[in-house]
Structures are given as structure tokens and as C-alpha cells.
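Undergrad: Mind having a look at this structure? Questions to follow.
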Amino acid sequence: MVSGASMRSGRSASPAVHAPAARAWMLAEALMLGLASTVHAGFLVSGYAHAAARNAEAVIATVLVLASAETWLRPHHARRAAIFGQGFALLGTLVGLGTIIAGIGPRTVPDLAYHALLLCVLVTGVAWAVRCRPV
């Protein structure tokens with residue numbers, strides 16, 4: 001996810017955002033959300049259907065795909081796209097976790113495990129994007 005030029009030069013400056021790596025990371029996150037959305041639609045696993053969770057996950061996955069497309073269309077905006085897309089996904093995931101805690105959302109062990117894993121992946125992606133300098 002880091003430009004090799006800044007790492008090879010030995011500079012202590014933050015590494016630059018590498019657009020293909022940012023794109024791949026966000027597409028992996030979108031895939032995770034898309035799979036969760038299909039589970040909550042009742043397609044992959046029965047017994048976990050939840051319309052509100054399905055819709056939220058589909059919207060968040062779409063935002064991540066659009067942010068990934070931005071890194072392809074405008075590589076010089078990769079950092080901004082990564083921060084925005086993953087920040088939106090992180091906020092949405094925290095809202096989803098809040099609904100689970102409040103008893104509104106699905107309260108199953110797989111949902112809790114999924115949210116914990118997704119939070120780790122999203123926080124890692126956001127932290128990487130914020131720490132990197134713009135290209």
C-alpha cells in the first residue's frame with residue numbers, strides 16, 4: 001500500500017498512497033460487506049435475514065466500490081478517496097455495532113464476530129490512508 005520510492009530513498013517522511021494497493025484494500029472491504037449483505041438477504045445462509053442490515057451493508061459496499069473507482073480514475077486522489085470511503089464504511093460499521101448493542105440489529109455470534117473483524121480491517125485501512133502523505 002506504500003509507494004516503494006519513498007521507502008527506498010530512506011527518507012523518514014510518510015510514504016505516499018499507492019493507488020492500486022488502496023483500490024485492492026477497499027475492494028476487499030467491499031467484498032466483505034457484499035457477502036454480509038447477501039447473508040442478511042438470506043441467500044448464502046438461511047436464518048440470518050435482516051433487511052436493514054442488508055441495505056446498510058449494500059450501501060457501504062457501494063461507497064467503497066465508488067471510492068476504489070476514484071483511485072483508478074484519479075490516482076492522485078487515492079489518499080482522499082481511501083480516507084473518505086473507508087471513513088464512511090467505518091462510521092457505518094460503528095452504527096451497525098451500535099444497533100447490535102442497543103438490541104435493534106441482529107444479535108448473533110456471527111454478526112458480532114463479523115463486526116469485530118470488519119472494524120479491524122477498516123481501522124487498519126483508515127490508519128494507513130491517514131498516515132500516508134498525498135501523492
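As shown in the C-alpha cells, the chain order sets the letters A, B, ...; within each chain, residues go from 1, and ligands are also counted from 1 in the order they appear.
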Tell me, which residues of chain A carry DSSP strand (DSSP E or B), written as a PyMOL selection string?
TA: chain A and resi 2+16-17+133
Undergrad: Would you pick out the contacts of Thr93 of chain A at 9 Å or less, using only C-alpha atoms, so that residues sharing its chain but fewer than 6 positions from it are not included, and give the list as a tab-separated table (two decimals) with N, CA and C atoms, in the first residue's frame?
TA:
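Final file, selection03.tsv:
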```tsv
chain	number	residue	atom	x	y	z
A	56	ALA	N	-27.95	-1.57	4.62
A	56	ALA	CA	-26.82	-0.77	5.09
A	56	ALA	C	-25.51	-1.32	4.53
A	57	GLU	N	-25.34	-2.62	4.59
A	57	GLU	CA	-24.10	-3.23	4.08
A	57	GLU	C	-23.96	-3.03	2.58
A	60	ILE	N	-22.86	0.66	2.04
A	60	ILE	CA	-21.45	0.85	2.41
A	60	ILE	C	-20.53	0.19	1.38
A	115	HIS	N	-18.54	-8.07	12.73
A	115	HIS	CA	-18.32	-6.65	13.00
A	115	HIS	C	-16.93	-6.41	13.61
A	118	LEU	N	-14.46	-6.78	10.71
A	118	LEU	CA	-14.59	-5.66	9.79
A	118	LEU	C	-14.03	-4.38	10.40
A	119	LEU	N	-14.28	-4.16	11.69
A	119	LEU	CA	-13.72	-2.98	12.35
A	119	LEU	C	-12.20	-2.99	12.30
A	122	LEU	N	-11.15	-2.16	8.69
A	122	LEU	CA	-11.41	-0.76	8.36
A	122	LEU	C	-10.48	0.20	9.11
```
Undergrad: Quick one: DSSP helix (DSSP H, G or I) residues in segment 3-120 of chain A, as a count of residues only?
TA: 90
Undergrad: Could you work out how far atom CA of Pro106 of chain A lies from atom CA of Leu66 of chain A, giving the answer in Å with one decimal?
TA: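 So the answer is 27.1 Å.
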Undergrad: Write out as a PyMOL selection string the residues lying within 9 Å of Gly34 of chain A, counting only C-alpha atoms and excluding same-chain residues fewer than 2 positions away.
TA: chain A and resi 29-32+36-39+54+57-58+60-62
Undergrad: So how far away is atom CA of Ala82 of chain A from atom CA of Val109 of chain A, in Å?
TA: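 Between these atoms lies a distance of 29.5 Å.
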Undergrad: Neighbouring residues of segment 76-81 of chain A were defined as those with any atom within 9 Å, considering only C-alpha atoms; residues of the same chain fewer than 4 positions away were excluded. Please report them as a list in words.
TA: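 Contacts, with the query itself left out: Ala16, Val17, His18, Ala19, Pro20, Ala22, Arg23, Leu64, Leu66, Ala67, Ser68, Ala69, Glu70, Thr71, Trp72, Gly85, Gln86, Ala129, Val130, Cys132, Arg133, Pro134 and Val135 of chain A.
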Undergrad: Write out, as a compact mmCIF listing (two decimals), in the first residue's frame, the residues just selected, with N, CA and C atoms.
TA:
```txt
# COMPACT_ATOMS: atom_id res chain seq x y z
N ALA A 16 3.92 7.56 0.40
CA ALA A 16 2.81 8.02 -0.43
C ALA A 16 1.78 6.91 -0.59
N VAL A 17 0.56 7.31 -0.86
CA VAL A 17 -0.50 6.34 -1.11
C VAL A 17 -0.26 5.70 -2.47
N HIS A 18 -0.29 4.42 -2.53
CA HIS A 18 -0.14 3.67 -3.77
C HIS A 18 -1.54 3.30 -4.23
N ALA A 19 -2.02 3.93 -5.30
CA ALA A 19 -3.42 3.79 -5.73
C ALA A 19 -3.86 2.34 -5.94
N PRO A 20 -3.08 1.47 -6.61
CA PRO A 20 -3.54 0.09 -6.78
C PRO A 20 -3.71 -0.65 -5.44
N ALA A 22 -4.44 0.80 -2.49
CA ALA A 22 -5.62 1.36 -1.86
C ALA A 22 -6.88 0.77 -2.49
N ARG A 23 -6.86 0.66 -3.80
CA ARG A 23 -8.00 0.10 -4.52
C ARG A 23 -8.25 -1.35 -4.10
N LEU A 64 -17.63 2.02 -1.03
CA LEU A 64 -16.24 1.55 -1.14
C LEU A 64 -15.86 1.25 -2.59
N LEU A 66 -17.17 2.73 -5.22
CA LEU A 66 -17.02 4.05 -5.86
C LEU A 66 -15.71 4.72 -5.47
N ALA A 67 -15.31 4.60 -4.21
CA ALA A 67 -14.03 5.16 -3.78
C ALA A 67 -12.88 4.45 -4.48
N SER A 68 -13.02 3.14 -4.67
CA SER A 68 -12.00 2.38 -5.41
C SER A 68 -11.92 2.85 -6.86
N ALA A 69 -13.06 3.10 -7.46
CA ALA A 69 -13.09 3.59 -8.83
C ALA A 69 -12.40 4.95 -8.92
N GLU A 70 -12.57 5.76 -7.90
CA GLU A 70 -11.91 7.08 -7.87
C GLU A 70 -10.39 6.92 -7.89
N THR A 71 -9.86 5.89 -7.23
CA THR A 71 -8.41 5.69 -7.24
C THR A 71 -7.91 5.28 -8.61
N TRP A 72 -8.78 4.69 -9.42
CA TRP A 72 -8.41 4.29 -10.77
C TRP A 72 -8.55 5.47 -11.74
N GLY A 85 -13.84 6.88 1.65
CA GLY A 85 -14.56 5.61 1.51
C GLY A 85 -14.50 4.76 2.76
N GLN A 86 -13.30 4.60 3.29
CA GLN A 86 -13.13 3.77 4.48
C GLN A 86 -13.67 4.46 5.73
N ALA A 129 -4.24 5.05 5.38
CA ALA A 129 -4.52 6.16 4.47
C ALA A 129 -4.22 7.52 5.11
N VAL A 130 -4.56 7.66 6.39
CA VAL A 130 -4.32 8.93 7.07
C VAL A 130 -2.83 9.17 7.28
N CYS A 132 -0.36 8.14 5.44
CA CYS A 132 0.36 8.37 4.19
C CYS A 132 0.20 9.81 3.75
N ARG A 133 1.21 10.29 3.08
CA ARG A 133 1.13 11.67 2.56
C ARG A 133 0.46 11.64 1.20
N PRO A 134 -0.16 12.74 0.81
CA PRO A 134 -0.75 12.81 -0.53
C PRO A 134 0.32 12.65 -1.60
N VAL A 135 -0.05 12.12 -2.74
CA VAL A 135 0.90 11.95 -3.85
C VAL A 135 1.05 13.27 -4.57
```
Undergrad: Given the choices A:Ala28, A:Ala21, A:Ala52, A:Val123, which gets closest to Phe88 of chain A if the distance is worked out from only C-alpha atoms?
TA: A:Val123
Undergrad: Quick one: distance from atom CA of Tyr114 of chain A to atom CA of Leu33 of chain A in Å, one decimal?
TA: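 If I compute the distance from atom CA of Tyr114 of chain A to atom CA of Leu33 of chain A, I get 9.6 Å.
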Undergrad: Restricting the calculation to only C-alpha atoms: of A:Val126, A:Tyr48, A:Ile104, A:Met26, which residue gets closest to Leu91 of chain A?
TA: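 Smallest separation from Leu91 of chain A among the options: A:Val126.
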Undergrad: Tell me which of A:Leu90, A:Val65, A:Ala24, A:Ala49 sits closest to Thr124 of chain A, counting only C-alpha atoms.
TA: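 Of A:Leu90, A:Val65, A:Ala24, A:Ala49, the one nearest Thr124 of chain A, counting only C-alpha atoms, is A:Leu90.
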